[in-house]
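Below is run16.cif, which holds mmCIF, C-alpha atoms.
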data_run
loop_
_atom_site.group_PDB
_atom_site.id
_atom_site.type_symbol
_atom_site.label_atom_id
_atom_site.label_comp_id
_atom_site.auth_asym_id
_atom_site.auth_seq_id
_atom_site.Cartn_x
_atom_site.Cartn_y
_atom_site.Cartn_z
ATOM 1 C CA MET A 1 -3.891 -16.000 -1.084
ATOM 2 C CA VAL A 2 -3.002 -12.657 -2.639
ATOM 3 C CA LEU A 3 -3.723 -13.333 -6.314
ATOM 4 C CA PHE A 4 -0.790 -11.453 -7.833
ATOM 5 C CA LEU A 5 1.578 -13.803 -5.974
ATOM 6 C CA LEU A 6 0.223 -16.782 -7.894
ATOM 7 C CA PRO A 7 2.305 -18.098 -10.829
ATOM 8 C CA LYS A 8 2.340 -15.593 -13.675
ATOM 9 C CA ALA A 9 0.535 -17.994 -16.019
ATOM 10 C CA ILE A 10 -2.440 -17.908 -13.630
ATOM 11 C CA ALA A 11 -2.231 -14.353 -12.270
ATOM 12 C CA ALA A 12 -1.732 -12.501 -15.575
ATOM 13 C CA PRO A 13 -5.000 -13.692 -17.223
ATOM 14 C CA LEU A 14 -6.937 -13.103 -13.983
ATOM 15 C CA TYR A 15 -5.808 -9.493 -13.867
ATOM 16 C CA SER A 16 -5.996 -8.687 -17.559
ATOM 17 C CA ASN A 17 -9.448 -10.236 -18.026
ATOM 18 C CA LEU A 18 -11.152 -9.668 -14.687
ATOM 19 C CA ILE A 19 -9.546 -7.699 -11.868
ATOM 20 C CA THR A 20 -7.984 -4.801 -13.791
ATOM 21 C CA PRO A 21 -11.169 -4.095 -15.812
ATOM 22 C CA LEU A 22 -13.198 -4.227 -12.573
ATOM 23 C CA VAL A 23 -10.915 -1.779 -10.742
ATOM 24 C CA ASP A 24 -10.770 0.507 -13.787
ATOM 25 C CA PHE A 25 -14.562 0.540 -13.934
ATOM 26 C CA LEU A 26 -14.862 1.418 -10.249
ATOM 27 C CA GLN A 27 -12.245 4.163 -10.601
ATOM 28 C CA TYR A 28 -13.402 5.674 -13.876
ATOM 29 C CA GLY A 29 -16.285 3.944 -15.672
ATOM 30 C CA ILE A 30 -18.835 4.082 -12.873
ATOM 31 C CA ASN A 31 -19.051 7.859 -13.278
ATOM 32 C CA SER A 32 -20.700 7.341 -16.655
ATOM 33 C CA TYR A 33 -23.608 5.559 -14.978
ATOM 34 C CA ILE A 34 -23.859 7.597 -11.774
ATOM 35 C CA PRO A 35 -22.708 11.148 -12.567
ATOM 36 C CA THR A 36 -21.756 13.300 -9.595
ATOM 37 C CA PRO A 37 -19.941 16.657 -9.445
ATOM 38 C CA TYR A 38 -16.164 16.857 -9.290
ATOM 39 C CA PHE A 39 -14.823 17.478 -5.804
ATOM 40 C CA GLY A 40 -11.095 18.194 -5.760
ATOM 41 C CA LYS A 41 -8.497 15.454 -6.202
ATOM 42 C CA ILE A 42 -8.674 11.805 -5.199
ATOM 43 C CA CYS A 43 -5.783 12.436 -2.775
ATOM 44 C CA TYR A 44 -8.168 14.474 -0.598
ATOM 45 C CA ILE A 45 -10.058 11.394 0.636
ATOM 46 C CA VAL A 46 -6.842 9.363 0.897
ATOM 47 C CA ASN A 47 -5.141 12.035 2.994
ATOM 48 C CA LEU A 48 -8.247 12.506 5.131
ATOM 49 C CA GLN A 49 -8.338 8.826 5.995
ATOM 50 C CA LYS A 50 -4.601 8.536 6.602
ATOM 51 C CA CYS A 51 -4.314 11.700 8.686
ATOM 52 C CA GLY A 52 -7.546 10.967 10.513
ATOM 53 C CA THR A 53 -6.516 7.499 11.637
ATOM 54 C CA ALA A 54 -4.975 8.642 14.943
ATOM 55 C CA PHE A 55 -8.187 10.498 15.812
ATOM 56 C CA MET A 56 -10.277 7.455 14.888
ATOM 57 C CA CYS A 57 -8.119 5.270 17.148
ATOM 58 C CA LEU A 58 -8.563 7.718 20.027
ATOM 59 C CA TYR A 59 -12.305 7.843 19.383
ATOM 60 C CA LEU A 60 -12.548 4.034 19.504
ATOM 61 C CA MET A 61 -10.476 3.980 22.687
ATOM 62 C CA SER A 62 -12.983 6.405 24.189
ATOM 63 C CA VAL A 63 -16.009 4.399 23.019
ATOM 64 C CA PHE A 64 -14.681 1.098 24.373
ATOM 65 C CA ASP A 65 -12.911 2.634 27.381
ATOM 66 C CA THR A 66 -9.537 1.094 26.556
ATOM 67 C CA PHE A 67 -7.255 3.844 27.817
ATOM 68 C CA ASP A 68 -5.880 1.247 30.243
ATOM 69 C CA HIS A 69 -5.273 -1.253 27.430
ATOM 70 C CA LEU A 70 -1.629 -1.376 26.278
ATOM 71 C CA PRO A 71 -2.230 -2.943 22.812
ATOM 72 C CA SER A 72 -4.672 -0.126 21.991
ATOM 73 C CA TRP A 73 -2.012 2.466 22.798
ATOM 74 C CA ILE A 74 0.625 0.618 20.785
ATOM 75 C CA TYR A 75 -1.737 0.328 17.831
ATOM 76 C CA LEU A 76 -2.517 4.040 18.084
ATOM 77 C CA SER A 77 1.214 4.787 18.029
ATOM 78 C CA LEU A 78 1.906 2.541 15.031
ATOM 79 C CA HIS A 79 -1.036 3.391 12.788
ATOM 80 C CA GLY A 80 -1.120 7.016 13.899
ATOM 81 C CA THR A 81 2.583 7.440 13.113
ATOM 82 C CA TYR A 82 2.067 5.928 9.675
ATOM 83 C CA GLY A 83 -0.683 8.484 9.071
ATOM 84 C CA MET A 84 1.696 11.312 9.957
ATOM 85 C CA LEU A 85 4.386 9.859 7.684
ATOM 86 C CA TRP A 86 1.853 9.737 4.870
ATOM 87 C CA CYS A 87 1.044 13.425 5.404
ATOM 88 C CA LEU A 88 4.757 14.281 5.224
ATOM 89 C CA LYS A 89 5.074 12.193 2.077
ATOM 90 C CA GLU A 90 2.158 14.031 0.510
ATOM 91 C CA LEU A 91 3.746 17.389 1.317
ATOM 92 C CA ILE A 92 7.266 16.549 0.142
ATOM 93 C CA PHE A 93 6.953 13.939 -2.609
ATOM 94 C CA PRO A 94 3.275 13.329 -3.474
ATOM 95 C CA ASP A 95 2.347 10.411 -5.697
ATOM 96 C CA PRO A 96 1.181 11.805 -9.076
ATOM 97 C CA SER A 97 -1.409 9.042 -9.416
ATOM 98 C CA TRP A 98 -3.311 10.497 -6.452
ATOM 99 C CA GLN A 99 -3.442 13.983 -7.980
ATOM 100 C CA ARG A 100 -6.140 13.248 -10.575
ATOM 101 C CA PRO A 101 -9.474 15.106 -10.378
ATOM 102 C CA ALA A 102 -12.177 13.058 -8.662
ATOM 103 C CA THR A 103 -15.950 13.159 -8.477
ATOM 104 C CA LEU A 104 -17.893 12.909 -5.242
ATOM 105 C CA LEU A 105 -18.686 9.302 -6.165
ATOM 106 C CA ASP A 106 -14.971 8.560 -6.604
ATOM 107 C CA HIS A 107 -14.357 9.675 -3.021
ATOM 108 C CA VAL A 108 -17.218 7.524 -1.734
ATOM 109 C CA VAL A 109 -16.071 4.435 -3.646
ATOM 110 C CA ALA A 110 -12.465 4.894 -2.493
ATOM 111 C CA PHE A 111 -13.461 5.258 1.154
ATOM 112 C CA VAL A 112 -16.087 2.522 1.274
ATOM 113 C CA GLY A 113 -14.181 0.105 -0.944
ATOM 114 C CA ILE A 114 -10.635 0.399 0.427
ATOM 115 C CA LEU A 115 -9.830 3.149 2.928
ATOM 116 C CA GLY A 116 -12.619 2.780 5.479
ATOM 117 C CA PRO A 117 -12.150 -0.969 6.055
ATOM 118 C CA TYR A 118 -8.560 -0.329 7.137
ATOM 119 C CA TRP A 119 -9.967 1.126 10.349
ATOM 120 C CA TYR A 120 -11.415 -2.271 11.229
ATOM 121 C CA MET A 121 -8.125 -3.352 12.840
ATOM 122 C CA SER A 122 -8.387 -0.608 15.455
ATOM 123 C CA TYR A 123 -12.046 -1.428 16.018
ATOM 124 C CA SER A 124 -11.193 -5.106 16.532
ATOM 125 C CA ILE A 125 -8.376 -4.442 19.007
ATOM 126 C CA ASN A 126 -10.422 -1.989 21.064
ATOM 127 C CA SER A 127 -13.776 -3.783 21.013
ATOM 128 C CA ASN A 128 -12.218 -7.159 21.871
ATOM 129 C CA ARG A 129 -9.545 -5.782 24.193
ATOM 130 C CA THR A 130 -7.163 -7.983 22.221
ATOM 131 C CA THR A 131 -4.342 -9.486 24.246
ATOM 132 C CA CYS A 132 -0.926 -9.380 22.561
ATOM 133 C CA SER A 133 2.118 -11.194 23.864
ATOM 134 C CA MET A 134 5.353 -9.266 24.224
ATOM 135 C CA PRO A 135 7.031 -11.166 21.323
ATOM 136 C CA VAL A 136 4.079 -10.344 19.038
ATOM 137 C CA ILE A 137 4.251 -6.669 19.983
ATOM 138 C CA ALA A 138 8.011 -6.595 19.404
ATOM 139 C CA LEU A 139 7.628 -8.320 16.039
ATOM 140 C CA CYS A 140 4.869 -5.937 14.920
ATOM 141 C CA VAL A 141 6.859 -2.846 15.905
ATOM 142 C CA SER A 142 9.935 -4.137 14.081
ATOM 143 C CA VAL A 143 8.065 -5.121 10.905
ATOM 144 C CA HIS A 144 6.149 -1.825 10.928
ATOM 145 C CA THR A 145 9.330 0.239 11.338
ATOM 146 C CA LEU A 146 11.122 -1.554 8.515
ATOM 147 C CA GLY A 147 8.017 -1.294 6.329
ATOM 148 C CA CYS A 148 7.827 2.477 6.877
ATOM 149 C CA VAL A 149 11.478 2.867 5.885
ATOM 150 C CA LEU A 150 11.028 0.766 2.726
ATOM 151 C CA MET A 151 7.893 2.651 1.684
ATOM 152 C CA MET A 152 9.144 6.160 2.401
ATOM 153 C CA ALA A 153 12.649 5.675 1.015
ATOM 154 C CA SER A 154 11.611 3.894 -2.189
ATOM 155 C CA ASP A 155 8.741 6.299 -2.929
ATOM 156 C CA SER A 156 11.160 9.193 -2.359
ATOM 157 C CA GLN A 157 13.646 7.706 -4.808
ATOM 158 C CA LYS A 158 10.935 7.068 -7.395
ATOM 159 C CA TYR A 159 9.531 10.591 -7.111
ATOM 160 C CA PHE A 160 12.809 12.493 -7.449
ATOM 161 C CA VAL A 161 14.354 10.202 -10.090
ATOM 162 C CA LEU A 162 11.262 10.404 -12.323
ATOM 163 C CA LYS A 163 11.067 14.142 -11.734
ATOM 164 C CA ALA A 164 14.552 14.473 -13.222
ATOM 165 C CA LYS A 165 14.199 11.868 -15.962
ATOM 166 C CA LYS A 166 11.454 9.492 -17.019
ATOM 167 C CA GLY A 167 12.325 5.861 -17.541
ATOM 168 C CA LEU A 168 13.171 2.593 -15.853
ATOM 169 C CA ILE A 169 14.402 2.756 -12.242
ATOM 170 C CA GLU A 170 16.610 -0.265 -11.677
ATOM 171 C CA ASP A 171 18.985 0.644 -8.877
ATOM 172 C CA GLY A 172 18.892 1.817 -5.275
ATOM 173 C CA TRP A 173 15.818 0.587 -3.442
ATOM 174 C CA PHE A 174 14.574 -1.018 -6.652
ATOM 175 C CA GLY A 175 17.821 -2.842 -7.430
ATOM 176 C CA TYR A 176 16.732 -6.237 -6.149
ATOM 177 C CA CYS A 177 12.979 -5.722 -5.757
ATOM 178 C CA ARG A 178 10.760 -4.135 -8.410
ATOM 179 C CA ASN A 179 8.077 -3.106 -5.911
ATOM 180 C CA THR A 180 9.882 -2.166 -2.713
ATOM 181 C CA ASN A 181 7.245 0.472 -1.946
ATOM 182 C CA TYR A 182 4.405 -2.048 -2.087
ATOM 183 C CA LEU A 183 6.398 -4.515 0.012
ATOM 184 C CA GLY A 184 6.784 -1.793 2.636
ATOM 185 C CA GLU A 185 3.052 -1.049 2.596
ATOM 186 C CA MET A 186 2.232 -4.724 3.013
ATOM 187 C CA MET A 187 4.606 -5.000 5.961
ATOM 188 C CA ILE A 188 2.999 -1.935 7.563
ATOM 189 C CA TYR A 189 -0.578 -3.151 7.270
ATOM 190 C CA GLY A 190 0.422 -6.736 7.958
ATOM 191 C CA SER A 191 1.736 -5.615 11.350
ATOM 192 C CA TYR A 192 -1.675 -4.098 12.120
ATOM 193 C CA ALA A 193 -3.509 -7.307 11.258
ATOM 194 C CA ALA A 194 -0.999 -9.328 13.266
ATOM 195 C CA MET A 195 -1.725 -7.175 16.312
ATOM 196 C CA ALA A 196 -5.474 -7.510 15.792
ATOM 197 C CA GLN A 197 -5.198 -11.318 15.540
ATOM 198 C CA ASP A 198 -8.438 -11.230 13.584
ATOM 199 C CA LYS A 199 -9.290 -13.253 10.466
ATOM 200 C CA ILE A 200 -11.488 -10.452 9.139
ATOM 201 C CA ALA A 201 -8.530 -8.069 9.327
ATOM 202 C CA TRP A 202 -6.436 -10.408 7.191
ATOM 203 C CA GLY A 203 -9.357 -10.842 4.799
ATOM 204 C CA ILE A 204 -9.562 -7.061 4.335
ATOM 205 C CA LEU A 205 -5.853 -6.888 3.574
ATOM 206 C CA ILE A 206 -5.905 -9.784 1.108
ATOM 207 C CA TYR A 207 -8.845 -8.145 -0.660
ATOM 208 C CA ALA A 208 -7.138 -4.715 -0.797
ATOM 209 C CA TRP A 209 -3.756 -6.120 -1.823
ATOM 210 C CA THR A 210 -5.322 -8.272 -4.532
ATOM 211 C CA LEU A 211 -7.390 -5.458 -6.028
ATOM 212 C CA MET A 212 -5.293 -2.305 -5.722
ATOM 213 C CA PHE A 213 -1.726 -3.453 -5.163
ATOM 214 C CA GLY A 214 -2.057 -6.399 -7.508
ATOM 215 C CA ARG A 215 -3.622 -4.375 -10.280
ATOM 216 C CA ASN A 216 -0.815 -1.789 -10.123
ATOM 217 C CA ILE A 217 1.958 -4.366 -9.806
ATOM 218 C CA MET A 218 0.694 -6.509 -12.683
ATOM 219 C CA GLY A 219 0.321 -3.393 -14.823
ATOM 220 C CA LYS A 220 3.971 -2.543 -14.172
ATOM 221 C CA GLU A 221 5.004 -6.113 -14.990
ATOM 222 C CA GLU A 222 3.328 -5.784 -18.388
ATOM 223 C CA ARG A 223 5.150 -2.517 -19.103
ATOM 224 C CA PHE A 224 8.657 -3.566 -18.056
ATOM 225 C CA PRO A 225 9.441 -5.514 -21.269
ATOM 226 C CA LEU A 226 8.486 -2.433 -23.289
ATOM 227 C CA LYS A 227 11.229 -0.355 -21.654
ATOM 228 C CA ARG A 228 14.893 -0.365 -22.588
ATOM 229 C CA GLY A 229 16.675 -2.876 -20.382
ATOM 230 C CA GLY A 230 13.383 -4.057 -18.883
ATOM 231 C CA ASP A 231 13.883 -7.752 -19.686
ATOM 232 C CA VAL A 232 17.310 -7.824 -18.029
ATOM 233 C CA TYR A 233 15.967 -5.964 -15.005
ATOM 234 C CA VAL A 234 13.085 -8.418 -14.557
ATOM 235 C CA GLU A 235 15.460 -11.380 -14.744
ATOM 236 C CA SER A 236 17.759 -9.988 -12.040
ATOM 237 C CA SER A 237 15.186 -8.692 -9.534
ATOM 238 C CA GLY A 238 12.221 -9.981 -7.571
ATOM 239 C CA MET A 239 8.670 -8.817 -8.212
ATOM 240 C CA LEU A 240 7.764 -8.278 -4.540
ATOM 241 C CA PHE A 241 10.561 -9.828 -2.492
ATOM 242 C CA PRO A 242 14.276 -9.071 -3.070
ATOM 243 C CA ASP A 243 16.047 -11.486 -5.404
ATOM 244 C CA LEU A 244 18.679 -12.810 -3.021
ATOM 245 C CA TRP A 245 20.275 -14.927 -5.729
ATOM 246 C CA ALA A 246 20.894 -11.809 -7.835
ATOM 247 C CA TRP A 247 22.292 -10.062 -4.761
ATOM 248 C CA ALA A 248 24.629 -12.972 -4.007
ATOM 249 C CA ASN A 249 25.920 -12.891 -7.579
ATOM 250 C CA GLY A 250 26.261 -9.107 -7.705
ATOM 251 C CA LYS A 251 23.643 -8.694 -10.437
ATOM 252 C CA GLY A 252 21.346 -6.260 -8.677
ATOM 253 C CA ASN A 253 21.342 -2.748 -7.229
ATOM 254 C CA VAL A 254 23.602 -1.350 -9.958
ATOM 255 C CA LYS A 255 22.894 -0.015 -13.416
ATOM 256 C CA ARG A 256 22.654 -2.970 -15.789
ATOM 257 C CA LYS A 257 24.693 -2.847 -18.949
ATOM 258 C CA ARG A 258 22.592 -2.109 -21.976
#

Target encoding structure tokens, full file:
Amino acid sequence: MVLFLLPKAIAAPLYSNLITPLVDFLQYGINSYIPTPYFGKICYIVNLQKCGTAFMCLYLMSVFDTFDHLPSWIYLSLHGTYGMLWCLKELIFPDPSWQRPATLLDHVVAFVGILGPYWYMSYSINSNRTTCSMPVIALCVSVHTLGCVLMMASDSQKYFVLKAKKGLIEDGWFGYCRNTNYLGEMMIYGSYAAMAQDKIAWGILIYAWTLMFGRNIMGKEERFPLKRGGDVYVESSGMLFPDLWAWANGKGNVKRKR
């Protein structure tokens, strides 16, 4: 179970008292105990992993001799394409949170703790020569495509709207869902785990979603009531999944009345 999807009465204390302090320590506090020199921005290691995924998939296909294995090629296409989309996103509308200066240790922690394990799905598919049925392949391609659109479109909206004016974004891609970008990311990586058909792959995703996604989402949930119109927005939108009831009643996807 992804912890931030638990009832708020359970999830909020878990994040405020345990998970958020742990992630903050790994991102910032650990440098006080193990000082290392600064080495560019944290986006460098993120971009390296994302853009290097296609090459890693090809390398694993070479190691396990799976160039005749259709699921390996499909996985290469899916995850490799996502890596290219990420590179375009970084060039056109980079996430400011990834632009902070980072130490060498920050890069190591980010890669070992989150980024590197994402490559396990490709390893699993190639090493096991995983067999995927046609319906599973079709489902994964569809979910991945929709996830890419949700992530790219919502992050684009967030970047350009906040560039023009800071404040609450409560329309467009965020009209019915407060975290459309994270939903898209989860659909993308969920399609990879579904293709791998591997419990470890799902375990990696639940761990990553709980720590990183959950920490960021719960932080946003705490800040919404502090913003003008935040309470109304929360009531008429879903945290991760679109609020279909609000949509049916015409309460979402438009500017709420103050």

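Considering the residues A:Thr53, A:Asn181, A:Asn126, A:Gln197 and counting only C-alpha atoms, A:Asp68 has its shortest atom-to-atom contact with A:Asn126.
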
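Using all atoms listed in the file, the shortest contact distance between A:Leu139 and any of A:Asn47, A:Ser191, A:Thr180, A:Ser77 is found at A:Ser191.
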
Item to complete: Could you tell me how far atom CA of A:Ser124 lies from atom CA of A:His107, in Å and to one decimal?
Response: 24.7 Å

Fill in: Polymer residues at most 10 Å from A:Thr130, all atoms listed in the file, same-chain spacing of 2 or more positions, as a PyMOL selection string
chain A and resi 69-72+124-128+132-133+195-198

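Residues matched by the PyMOL selection byres ((chain A and resi 117) around 12) in this structure: Gln49, Thr53, Val109, Ala110, Phe111, Val112, Gly113, Ile114, Leu115, Gly116, Tyr118, Trp119, Tyr120, Met121, Ser122, Tyr123, Ser124, Tyr189, Ala193, Ile200, Ala201, Trp202, Gly203, Ile204, Leu205, Ile206, Tyr207 and Ala208 of chain A.
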